[in-house]
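S.K.: Just coords-v8.cif, nothing more (mmCIF, C-alpha atoms):
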```cif
data_query
loop_
_atom_site.label_atom_id
_atom_site.label_comp_id
_atom_site.auth_asym_id
_atom_site.auth_seq_id
_atom_site.Cartn_x
_atom_site.Cartn_y
_atom_site.Cartn_z
CA MET A 1465 122.19 -4.94 -19.55
CA ASP A 1466 122.59 -5.80 -23.12
CA LEU A 1467 119.02 -6.78 -23.25
CA ILE A 1468 117.71 -3.48 -22.00
CA ILE A 1469 120.03 -1.18 -23.92
CA PRO A 1470 120.53 -2.26 -27.54
CA SER A 1471 123.78 -1.65 -29.36
CA SER A 1472 124.16 1.27 -31.74
CA GLY A 1473 124.50 -1.03 -34.82
CA LEU A 1474 121.18 -2.66 -34.04
CA ILE A 1475 119.54 0.73 -33.62
CA PHE A 1476 121.06 1.87 -36.92
CA TRP A 1477 119.79 -1.17 -38.85
CA GLN A 1478 116.42 -1.00 -37.20
CA LEU A 1479 116.22 2.68 -38.13
CA ILE A 1480 117.14 1.91 -41.76
CA GLY A 1481 114.61 -0.96 -41.89
CA PHE A 1482 111.98 1.28 -40.37
CA LEU A 1483 112.70 4.10 -42.84
CA ALA A 1484 112.68 1.66 -45.78
CA LEU A 1485 109.40 0.24 -44.57
CA LEU A 1486 108.06 3.75 -44.08
CA PHE A 1487 109.20 4.77 -47.57
CA ILE A 1488 107.59 1.69 -49.14
CA LEU A 1489 104.38 2.24 -47.17
CA VAL A 1490 104.29 5.94 -48.09
CA LYS A 1491 105.11 5.24 -51.73
CA PHE A 1492 102.76 2.30 -52.29
CA ALA A 1493 100.32 1.77 -49.41
CA TRP A 1494 99.69 5.19 -47.89
CA LYS A 1495 97.70 6.64 -50.83
CA PRO A 1496 95.47 3.56 -51.31
CA ILE A 1497 94.82 3.38 -47.55
CA LEU A 1498 93.99 7.09 -47.39
CA SER A 1499 91.85 6.90 -50.52
CA ALA A 1500 90.04 3.86 -49.10
CA LEU A 1501 89.45 5.74 -45.83
CA GLU A 1502 88.26 8.81 -47.70
CA GLU A 1503 86.07 6.64 -49.89
CA ARG A 1504 84.62 4.97 -46.83
CA GLU A 1505 84.07 8.34 -45.14
CA THR A 1506 82.38 9.66 -48.29
CA SER A 1507 80.17 6.59 -48.58
CA ILE A 1508 79.20 6.89 -44.89
CA GLU A 1509 78.38 10.59 -45.38
CA ASN A 1510 76.38 9.77 -48.51
CA ALA A 1511 74.56 7.00 -46.67
CA LEU A 1512 73.76 9.40 -43.82
CA LYS A 1513 72.54 12.03 -46.30
CA ALA A 1514 70.47 9.40 -48.10
CA ALA A 1515 69.03 8.27 -44.76
CA GLU A 1516 68.15 11.89 -43.91
CA GLN A 1517 66.55 12.32 -47.34
CA ALA A 1518 64.65 9.06 -46.93
CA LYS A 1519 63.52 10.17 -43.49
CA ALA A 1520 62.36 13.52 -44.89
CA GLU A 1521 60.63 11.74 -47.78
CA MET A 1522 58.92 9.36 -45.36
CA ALA A 1523 57.74 12.34 -43.31
CA ASN A 1524 56.42 13.99 -46.49
CA LEU A 1525 54.76 10.77 -47.62
CA LYS A 1526 53.23 10.29 -44.19
CA ALA A 1527 51.90 13.85 -44.22
CA GLU A 1528 50.59 13.36 -47.74
CA ASN A 1529 48.97 10.06 -46.75
CA GLU A 1530 47.31 11.74 -43.77
CA LYS A 1531 46.08 14.51 -46.06
CA LEU A 1532 44.72 11.95 -48.55
CA LEU A 1533 43.07 9.99 -45.74
CA GLN A 1534 41.45 13.16 -44.41
CA GLU A 1535 40.22 14.07 -47.91
CA ALA A 1536 38.90 10.52 -48.37
CA ARG A 1537 37.08 10.71 -45.02
CA ILE A 1538 35.54 14.05 -45.97
CA GLU A 1539 34.50 12.69 -49.35
CA ARG A 1540 33.08 9.54 -47.72
CA ASP A 1541 31.12 11.67 -45.26
CA ASN A 1542 29.80 13.82 -48.10
CA ILE A 1543 28.80 10.76 -50.12
CA LEU A 1544 27.06 9.22 -47.10
CA LYS A 1545 25.26 12.48 -46.36
CA THR A 1546 24.17 12.78 -49.97
CA ALA A 1547 23.00 9.17 -50.01
CA ASN A 1548 21.09 9.62 -46.73
CA ASP A 1549 19.49 12.82 -48.04
CA ALA A 1550 18.54 11.08 -51.29
CA ALA A 1551 17.11 8.12 -49.39
CA ALA A 1552 15.10 10.42 -47.11
CA LYS A 1553 13.81 12.33 -50.15
CA MET A 1554 12.88 9.10 -51.91
CA ILE A 1555 11.04 7.89 -48.81
CA GLU A 1556 9.23 11.22 -48.45
CA ASP A 1557 8.32 11.21 -52.15
CA ALA A 1558 7.06 7.63 -51.86
CA LYS A 1559 4.98 8.56 -48.81
CA GLN A 1560 3.51 11.54 -50.62
CA ALA A 1561 2.80 9.47 -53.72
CA ALA A 1562 1.18 6.76 -51.60
CA ALA A 1563 -0.91 9.35 -49.74
CA THR A 1564 -1.99 10.96 -53.02
CA GLU A 1565 -2.79 7.59 -54.56
CA GLY A 1566 -4.66 6.56 -51.43
CA ALA A 1567 -6.69 9.78 -51.49
CA LYS A 1568 -7.49 9.22 -55.17
CA MET A 1569 -8.56 5.64 -54.43
CA ILE A 1570 -10.73 6.80 -51.51
CA GLU A 1571 -12.36 9.48 -53.67
CA SER A 1572 -12.90 6.97 -56.44
CA ALA A 1573 -14.38 4.48 -53.97
CA LYS A 1574 -16.65 7.21 -52.55
CA GLY A 1575 -17.81 8.04 -56.09
CA VAL A 1576 -18.49 4.38 -56.83
CA ILE A 1577 -20.30 3.97 -53.51
CA GLU A 1578 -22.40 7.10 -54.18
CA ASN A 1579 -23.29 5.86 -57.67
CA GLU A 1580 -24.18 2.42 -56.32
CA LYS A 1581 -26.24 4.05 -53.55
CA LYS A 1582 -28.14 6.20 -56.08
CA ALA A 1583 -28.68 3.19 -58.30
CA ALA A 1584 -29.93 1.14 -55.34
CA LEU A 1585 -32.25 3.96 -54.20
CA THR A 1586 -33.58 4.34 -57.73
CA GLU A 1587 -34.16 0.61 -57.93
CA VAL A 1588 -35.92 0.61 -54.54
CA LYS A 1589 -38.08 3.58 -55.61
CA ASN A 1590 -38.96 1.82 -58.85
CA GLN A 1591 -39.85 -1.37 -56.96
CA VAL A 1592 -41.93 0.58 -54.39
CA ALA A 1593 -43.71 2.41 -57.20
CA GLN A 1594 -44.34 -0.85 -59.00
CA LEU A 1595 -45.62 -2.51 -55.82
CA THR A 1596 -47.77 0.54 -55.05
CA LEU A 1597 -49.26 0.43 -58.51
CA GLU A 1598 -49.92 -3.27 -58.22
CA VAL A 1599 -51.53 -2.92 -54.77
CA THR A 1600 -53.56 0.09 -55.90
CA GLU A 1601 -54.69 -1.74 -58.99
CA LYS A 1602 -55.75 -4.75 -56.92
CA LEU A 1603 -57.57 -2.52 -54.42
CA LEU A 1604 -59.29 -0.52 -57.11
CA ARG A 1605 -60.37 -3.65 -58.94
CA LYS A 1606 -61.71 -5.08 -55.73
CA ASN A 1607 -63.39 -1.84 -54.57
CA LEU A 1608 -64.62 -0.76 -57.99
CA ALA A 1609 -65.91 -4.10 -59.12
CA THR A 1610 -69.52 -2.86 -59.02
CA ASP A 1611 -71.09 0.21 -60.64
CA ALA A 1612 -72.31 1.55 -57.30
CA ALA A 1613 -68.77 1.50 -55.86
CA GLN A 1614 -67.48 3.37 -58.87
CA LYS A 1615 -70.24 6.03 -58.55
CA ALA A 1616 -69.47 6.48 -54.80
CA LEU A 1617 -65.76 6.96 -55.53
CA VAL A 1618 -66.47 9.62 -58.13
CA ASP A 1619 -68.83 11.45 -55.74
CA ASP A 1620 -66.17 11.47 -52.98
CA MET A 1621 -63.59 12.89 -55.37
CA VAL A 1622 -65.95 15.64 -56.49
CA LYS A 1623 -66.63 16.57 -52.86
CA ASP A 1624 -62.89 16.75 -52.21
CA ILE A 1625 -62.39 19.01 -55.23
CA ASN A 1626 -65.14 21.40 -54.06
CA LEU A 1627 -63.63 21.63 -50.60
CA ASN A 1628 -60.20 22.51 -51.87
#
```
For the structure just supplied, provide its representation as structure tokens.

M.R.:
Amino acid sequence: MDLIIPSSGLIFWQLIGFLALLFILVKFAWKPILSALEERETSIENALKAAEQAKAEMANLKAENEKLLQEARIERDNILKTANDAAAKMIEDAKQAAATEGAKMIESAKGVIENEKKAALTEVKNQVAQLTLEVTEKLLRKNLATDAAQKALVDDMVKDINLN
């Protein structure tokens, strides 16, 4: 039974050893242990707060990035629309300029053709007149080679004048 129930002297010395150990721990170790625990608790709380702040900042940055992306998309769409409008206007202006230039060229060509036509007709008229004069001269020389032919021609002309 001695093993199960210790003697009172042993209990006394164990109690004194325990109290001495407790006194030494309270005097020297308790405060550093508690301060280390408090320090660790504070650092964990600070880390949690920092994580919450970082999470909030990330959410703000994400929202800001989305806003910037949306603004960039709108600006891109506006720039593309403006560029397409400008390109369409340039094409329309080029078509109008080409049509105007083509009309001017056609009018100019018509004028040149008309002038060439008039010149050609004048030349043909001059050639016909020249040929007519030459043929008439040859006929008159042939028909009026004698005095009698000349007198008959004059008589015919006088008759024509009297009739008119």

S.K.: State, in Å with one decimal place, the distance from atom CA of Ile1497 of chain A to atom CA of Leu1485 of chain A.

M.R.: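 One can read the atom CA of Ile1497 of chain A to atom CA of Leu1485 of chain A distance as 15.2 Å.
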
S.K.: To one decimal in Å, tell me the separation between atom CA of Leu1595 of chain A and atom CA of Val1576 of chain A.

M.R.: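 If I compute the distance from atom CA of Leu1595 of chain A to atom CA of Val1576 of chain A, I get 28.0 Å.
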
S.K.: Using atom CA of Gln1614 of chain A and atom CA of Glu1601 of chain A as the two end points, give the distance in Å to one decimal.

M.R.: 13.8 Å

S.K.: Produce the centre coordinates and the three edge lengths, each in Å to one decimal, of the box along x, y and z that contains all listed atoms of segment 1500-1509 of chain A with 4 Å added on each side, as lines of an AutoDock Vina configuration file.

M.R.:
```
center_x = 84.2
center_y = 7.2
center_z = -47.4
size_x = 19.7
size_y = 14.7
size_z = 13.0
```

S.K.: Can you tell me, as a ChimeraX atom specification, what residues are no more than 12 Å from Leu1604 of chain A when counting only C-alpha atoms, ignoring any on the same chain fewer than 5 positions away?

M.R.: /A:1596-1599,1609-1610,1613-1614,1617

S.K.: N, CA, C and O atoms for segment 1488-1504 of chain A, written as a compact mmCIF listing (two decimals), in the coordinates of the input, could you do that?

M.R.:
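Heads up, here's the output in result-v2.txt:
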```txt
# COMPACT_ATOMS: atom_id res chain seq x y z
N ILE A 1488 108.39 2.61 -48.32
CA ILE A 1488 107.59 1.69 -49.14
C ILE A 1488 106.10 1.89 -48.84
O ILE A 1488 105.27 1.95 -49.75
N LEU A 1489 105.79 2.02 -47.53
CA LEU A 1489 104.38 2.24 -47.17
C LEU A 1489 103.88 3.58 -47.71
O LEU A 1489 102.76 3.65 -48.22
N VAL A 1490 104.72 4.63 -47.59
CA VAL A 1490 104.29 5.94 -48.09
C VAL A 1490 104.17 5.90 -49.60
O VAL A 1490 103.22 6.45 -50.16
N LYS A 1491 105.10 5.27 -50.26
CA LYS A 1491 105.11 5.24 -51.73
C LYS A 1491 103.97 4.40 -52.28
O LYS A 1491 103.33 4.80 -53.24
N PHE A 1492 103.71 3.22 -51.70
CA PHE A 1492 102.76 2.30 -52.29
C PHE A 1492 101.47 2.12 -51.49
O PHE A 1492 100.40 1.97 -52.08
N ALA A 1493 101.50 2.13 -50.20
CA ALA A 1493 100.32 1.77 -49.41
C ALA A 1493 99.58 2.98 -48.83
O ALA A 1493 98.39 2.91 -48.59
N TRP A 1494 100.32 4.05 -48.58
CA TRP A 1494 99.69 5.19 -47.89
C TRP A 1494 98.54 5.79 -48.70
O TRP A 1494 97.46 6.03 -48.16
N LYS A 1495 98.74 6.04 -49.99
CA LYS A 1495 97.70 6.64 -50.83
C LYS A 1495 96.48 5.72 -50.96
O LYS A 1495 95.35 6.18 -50.81
N PRO A 1496 96.66 4.42 -51.24
CA PRO A 1496 95.47 3.56 -51.31
C PRO A 1496 94.72 3.46 -49.98
O PRO A 1496 93.49 3.46 -49.94
N ILE A 1497 95.47 3.45 -48.87
CA ILE A 1497 94.82 3.38 -47.55
C ILE A 1497 94.03 4.65 -47.31
O ILE A 1497 92.87 4.62 -46.90
N LEU A 1498 94.69 5.82 -47.57
CA LEU A 1498 93.99 7.09 -47.39
C LEU A 1498 92.79 7.22 -48.32
O LEU A 1498 91.73 7.70 -47.92
N SER A 1499 92.97 6.81 -49.58
CA SER A 1499 91.85 6.90 -50.52
C SER A 1499 90.72 5.95 -50.09
O SER A 1499 89.54 6.30 -50.19
N ALA A 1500 91.07 4.78 -49.58
CA ALA A 1500 90.04 3.86 -49.10
C ALA A 1500 89.32 4.45 -47.90
O ALA A 1500 88.08 4.35 -47.78
N LEU A 1501 90.08 5.09 -46.99
CA LEU A 1501 89.45 5.74 -45.83
C LEU A 1501 88.54 6.90 -46.26
O LEU A 1501 87.44 7.07 -45.76
N GLU A 1502 89.07 7.71 -47.20
CA GLU A 1502 88.26 8.81 -47.70
C GLU A 1502 87.01 8.30 -48.41
O GLU A 1502 85.91 8.86 -48.26
N GLU A 1503 87.20 7.24 -49.19
CA GLU A 1503 86.07 6.64 -49.89
C GLU A 1503 85.04 6.13 -48.89
O GLU A 1503 83.83 6.34 -49.05
N ARG A 1504 85.53 5.49 -47.85
CA ARG A 1504 84.62 4.97 -46.83
C ARG A 1504 83.92 6.12 -46.12
O ARG A 1504 82.73 6.07 -45.86
```
